[in-house]
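K.L.:
Before I ask anything, let me first share the structure, which is written out below as structure tokens.
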Amino acid sequence: MEPLIADLALILICASITTLIFKRLRQPLVLGYIVAGFLASPGMPYMPSVTDMENVHLWSDLGVIFLLFALGLEFSFKKIMKMGAAPIIAASTIILCMMSVGYATGSAFGWGRMNSLFLGGMLAMSSTTIIFKAFDDMGLRQQRFASMVLSVLIIEDILAIVLMVLLSTLAVSQQFEGLQMVSSILKLLFFLVLWFVVGIYLIPLFLRKVKPLMGSETLLIVALGLCFGMVVLAQAVGFSPAFGAFIMGSILAETVEAETIEHLVSPVKDLFGAIFFVSVGMMVDVALIGQYAIPIVCIVVAIMLGQIIFGTTGFLLAGQPLKTAMQCSFSLTQIGEFAFILATLGTSLGVTSDFLYPIVVAVSVFTTFTTPYMIRLAVPAYNGLLVVMPKSVVSLLSRYTGGGPSVVGQDSHWRRYLVEVARTLIIYGVLCVALLSLMLGFVAPQVDRFVPEPWNRYAMAAATLLVLAPFLRALMLKHSLTEAFKALWIDSRFNRAPLIAVQLLRIVIGAAFVGYVIGRTMEWGGAWGITLIVLVLCAIISSRALQKQGQHLEQTFTDNLNSREREAARKGARPKFAGRLQERDVHLSDISVPVGVEWGGKTLAQLNLGRCYGVNVVSVLRGNRRINIPSGTTPVLPGDRLQVIGSDEQLATFNREMERQAQQAQERSADGESEMKLQRLVITSDSPFRGKSIQQAGFRQDYHVLVVGLEVDDSSSLETPNLQTPLDEGDVLWVVGEEANLARLGIRNT
């Protein structure tokens with residue numbers, strides 16, 4: 001244990017010192033961790049060094065798991081579905097183009113196929129942490145383009161997980177055939193659907209059942225147990241541990257307890273995440289950085305030019321105005337956490353060269369420092385581009401991205417119907433395949449041990465078909481008589497043959513599952529096998545009990561999937577019109593009221609935010625209560641969340657004022673100005689309070705202090721003061737208040 005504790009002490013001491021320095025310099029803490037790793041690495045001759053790198057690598061692997069688990073907790077598959085096509089188009093364009101740029105750059109330097117592939121993956125992912133740290137420091141979080149950047153970063157995160165799985169498969173197989181890639185993608189999609197559907201059905205039910213037994217400590221242990229259980233399961237089927245952690249995080253993200261789990265996991269994630277980034281710094285070799293100075297410069301230039309060109313193109317294709325597109329693309333000109341994770345993956349698999357890791361770290365450090373300057377450069381670059389760009393091109397872009405009213409035709413009933421059928425076939429097909437594998441691969445050998453021939457085969461066939469029955473019925477009949485189906489059937493008689501064909505195809509797929517079970521267990525074929533298949537299908541289709549069971553399963557899944565959304569709506573979620581506002585020059589933003597601001601306790605009429613800042617408060621969220629369209633008499637209290645409408649500039653000004661007041665309150669607290677003190681006030685012959693009652697003296701109203709006791713005739717005990725009794729010379733009042741207010745009474749520290 002001695003080297004373990006000594007190394008951990010060195011790592012955390014170095015990390016604490018460097019992060020304090022970087023916090024003071026207003027730089028991302030990730031860079032401080034990297035510097036700490038460089039200082040504690042064995043290659044640093046003038047500093048104490050880590051002695052056991054194997055333990056550090058083990059901790060860093062845990063750090064990756066916790067980072068991806070926390071990322072999954074912030075992620076939601078439903079968010080992607082609600083974002084629309086714009087972020088998906090922009091993110092896909094950026095990733096594909098930047099991967100090509102990275103691969104071309106690596107190939108140009110002759111680094112080989114795997115090095116170039118991993119370099120392309122590293123260059124394709126921007127840093128969420130660094131970008132939003134820059135947005136916070138620059139007061140841009142309320143800007144319209146910032147919300148678009150956030151949406152793209154969410155898409156990039158999920159695509160980065162997919163990319164990590166594919167690169168792991170390629171690294172292990174060393175094969176680049178199209179069939180191998182298709183197989184890997186299908187395997188990924190299969191387990192993704194299976195884990196998500198089963199997880200959303202089972203885990204919220206489990207958490208609801210045990211909720212009375214769980215406190216914060218127990219919930220943390222349960223969440224981490226689920227996380228590492230999925231890590232083991234993912235690794236058992238051939239995926240990386242980080243992928244399993246992300247999947248479990250995304251499943252828990254749909255539960256009501258998601259925010260609590262995220263809060264509880266945050267300290268653990270911060271600790272092991274810090275060790276991971278410190279281990280990244282330990283991989284830095286100054287000699288290699290000097291040796292590869294030219295490639296580093298070229299990669300930095302490739303990132304900046306590539307993100308500006310392809311990022312702007314992607315956002316334009318997504319329908320964003322040119323100015324917004326350039327602001328978004330200039331914000332993405334850096335690499336960050338996922339680049340380090342991919343570099344660690346390549347190193348652990350032994351498919352990337354030693355020089356790639358320090359190169360990526362050097363590029364990340366440089367692009368991190370330049371990120372704020374690139375964000376500021378976006379608007380001047382846009383203004384300069386307008387000067388040189390032909391008017392015809394400007395007009396074309398304005399028409400393409402103008403967001404004018406569009407004529408929307410009747411929804412395609414065929415598209416709706418086919419999407420519903422395809423979703424049903426995929427989900428229930430995956431569940432049937434998984435149940436078949438479970439029954440025939442794990443249950444059947446146990447049945448064979450205890451049940452004699454031939455009854456074991458009959459029992460296994462019956463049990464398997466019973467387990468599959470509700471899912472097979474949904475696969476064959478769900479969405480068979482929807483509104484889209486009825487509209488198509490009535491609209492034209494030429495639609496009826498294709499509709500019948502689709503329905504017959506679904507029944508054939510169900511029959512294939514039944515036939516596989518019968519052939520595998522009972523080994524029946526020919527006319528007897530076909531007859532049995534038909535009888536089983538008729539029983540499944542006509543069963544009312546199976547129909548009710550299927551409806552119950554689906555309703556439970558839907559309730560679990562929407563539970564967090566319903567809870568958010570109860571507590572006060574963003575209204576649906578927020579997305580439509582973002583298409584205009586104004587949008588809706590949530591701004592929290594910090595503790596200690598001067599506005600606390602004042603009404604909206606007194607604050608007059610519309611006249612002062614141009615914003616309008618549409619809702620006040622106070623705990624579980626939501627006050628819509630608040631009146632002028634509604635007070636603003638510390639801890640409230642205000643939903644305000646305004647333009648980018650108005651919201652930015654309002655947010656800066658809120659932050660300024662919060663900073664002043666924090667400084668007052670740090671200086672002890674707001675500390676409450678208990679002091680003695682002696683009523684003298686010339687005191688302005690002599691002859692007045694406590695109420696008449698205005699201690700509470702005018703001086704903001706509270707009289708808590710009264711000494712009379714040098715008594716050693718305190719009396720409860722009578723507000724109406726006049727004060728006389730020699731009386732001693734004990735008052736409580738802030739030091740500044742006590743000084744106004746003439747009381748000094750005693």
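Ligands are numbered from 1 in the order shown, chains are lettered A, B, ... in the order of the structure tokens, and residues start at 1 in each chain.
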Any idea what's packed within 12 Å of Glu217 of chain A, counting only C-alpha atoms, ignoring anything in its chain fewer than 5 positions away? Could you give it as a PyMOL selection string?
P.N.:
chain A and resi 222-224+260-261+263-265
K.L.:
Show which residues sit within 8 Å of segment 39-42 of chain A, as a ChimeraX atom specification. Count only C-alpha atoms, and ignore same-chain residues fewer than 6 positions away.
P.N.:
/A:10-11,14,48-51,281-283
K.L.:
Could the residues in this selection be saved with N, CA and C atoms as a PDB file, in the first residue's frame?
P.N.:
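Output file out-v2.pdb is given in full below:
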ATOM      1  N   LEU A  10       0.929  12.412  -4.023  1.00  0.00           N
ATOM      2  CA  LEU A  10       1.665  13.288  -4.944  1.00  0.00           C
ATOM      3  C   LEU A  10       0.749  13.815  -6.043  1.00  0.00           C
ATOM      4  N   ILE A  11      -0.075  12.924  -6.597  1.00  0.00           N
ATOM      5  CA  ILE A  11      -0.976  13.327  -7.680  1.00  0.00           C
ATOM      6  C   ILE A  11      -1.959  14.395  -7.211  1.00  0.00           C
ATOM      7  N   CYS A  14      -0.185  17.833  -6.321  1.00  0.00           N
ATOM      8  CA  CYS A  14       0.160  18.563  -7.549  1.00  0.00           C
ATOM      9  C   CYS A  14      -1.094  19.091  -8.243  1.00  0.00           C
ATOM     10  N   PRO A  48       9.406  15.348  -7.318  1.00  0.00           N
ATOM     11  CA  PRO A  48       9.078  13.969  -6.918  1.00  0.00           C
ATOM     12  C   PRO A  48       8.228  13.310  -7.996  1.00  0.00           C
ATOM     13  N   SER A  49       8.435  12.035  -8.214  1.00  0.00           N
ATOM     14  CA  SER A  49       7.784  11.353  -9.328  1.00  0.00           C
ATOM     15  C   SER A  49       6.946  10.185  -8.835  1.00  0.00           C
ATOM     16  N   VAL A  50       5.923   9.846  -9.625  1.00  0.00           N
ATOM     17  CA  VAL A  50       5.111   8.665  -9.375  1.00  0.00           C
ATOM     18  C   VAL A  50       5.966   7.421  -9.582  1.00  0.00           C
ATOM     19  N   THR A  51       5.823   6.463  -8.691  1.00  0.00           N
ATOM     20  CA  THR A  51       6.682   5.273  -8.759  1.00  0.00           C
ATOM     21  C   THR A  51       6.004   4.077  -9.404  1.00  0.00           C
ATOM     22  N   GLY A 281      -1.352  14.006 -18.590  1.00  0.00           N
ATOM     23  CA  GLY A 281      -0.159  14.846 -18.513  1.00  0.00           C
ATOM     24  C   GLY A 281       1.108  14.044 -18.324  1.00  0.00           C
ATOM     25  N   MET A 282       1.006  12.884 -17.663  1.00  0.00           N
ATOM     26  CA  MET A 282       2.192  12.046 -17.474  1.00  0.00           C
ATOM     27  C   MET A 282       2.704  11.452 -18.782  1.00  0.00           C
ATOM     28  N   MET A 283       1.844  11.382 -19.784  1.00  0.00           N
ATOM     29  CA  MET A 283       2.249  10.826 -21.071  1.00  0.00           C
ATOM     30  C   MET A 283       2.961  11.838 -21.952  1.00  0.00           C
TER      31      MET A 283
END
K.L.:
With a distance cut-off of 7 Å and only C-alpha atoms, select the neighbouring residues of segment 388-401 of chain A, excluding the residue or stretch itself and same-chain residues fewer than 2 positions from it, and output the selection as a list of chain:residue names.
P.N.:
A:Gly319, A:Gln320, A:Pro321, A:Gly384, A:Leu385, A:Leu386, A:Gly403
K.L.:
Using only C-alpha atoms, which residue out of A:Val363, A:Phe22, A:Leu504, A:Gln143 lies closest to Thr333 of chain A?
P.N.:
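When distances to Thr333 of chain A are compared using only C-alpha atoms, the smallest one comes from A:Val363.
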K.L.:
Write out as number ranges by chain the set of residues from segment 99-140 of chain A that DSSP, computed on the backbone, places in helix (DSSP H, G or I).
P.N.:
A: 99-108, 113-124, 128-138
K.L.:
Quick one: of A:Phe191, A:Leu317, A:Met304, A:Tyr613, who's nearest to Arg656 of chain A, counting only C-alpha atoms?
P.N.:
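Looking only at the distances to Arg656 of chain A, the closest residue turns out to be A:Tyr613.
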K.L.:
Leaving out segment 198-200 of chain A and any residue of its chain fewer than 4 positions from it, which residues lie within 8 Å of it when counting only C-alpha atoms, given as a list of chain:residue names?
P.N.:
A:Leu194, A:Pro204, A:Ile251, A:Glu254, A:Phe557, A:Asn560, A:Leu561
K.L.:
Quick one: everything within 12 Å of Ala469 of chain A, counting only C-alpha atoms, minus sequence neighbours fewer than 5 positions away in the same chain. Send it as a PyMOL selection string.
P.N.:
chain A and resi 428+431-432+435-436+461-464+474-476+510-511+513-514+517+536-547+549-550
K.L.:
Write out as a PyMOL selection string each polymer residue whose atoms come within 9 Å of segment 702-706 of chain A, counting only C-alpha atoms; drop sequence neighbours fewer than 5 positions from it.
P.N.:
chain A and resi 697+734-738+741-742+744-745
K.L.:
Atom CA of Glu156 of chain A and atom CA of Leu67 of chain A are how many Å apart?
P.N.:
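Separation between atom CA of Glu156 of chain A and atom CA of Leu67 of chain A: 15.4 Å.
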K.L.:
Nearest to Lys187 of chain A: which of A:Val430, A:Leu252, A:Val56, A:Val286 is it, counting only C-alpha atoms?
P.N.:
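Under the stated criterion, the closest residue is A:Val430.
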K.L.:
Restricting the calculation to only C-alpha atoms: of A:Leu588, A:Val162, A:Ser329, A:Thr725, which residue gets closest to Ala90 of chain A?
P.N.:
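Of the candidates, the smallest distance to Ala90 of chain A is held by A:Ser329.
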K.L.:
Choose the residue, out of A:Thr105, A:Gln334, A:Thr19, A:Gln679, that has the smallest atom-to-atom separation from Met125 of chain A; count only C-alpha atoms.
P.N.:
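That would be A:Gln334, the residue with the smallest distance to Met125 of chain A.
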K.L.:
Which residue is closest to Gly306 of chain A? Choose from A:Met122, A:Leu71, A:Val101, A:Leu8 and count only C-alpha atoms.
P.N.:
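Ranking A:Met122, A:Leu71, A:Val101, A:Leu8 by distance to Gly306 of chain A, first place goes to A:Val101.
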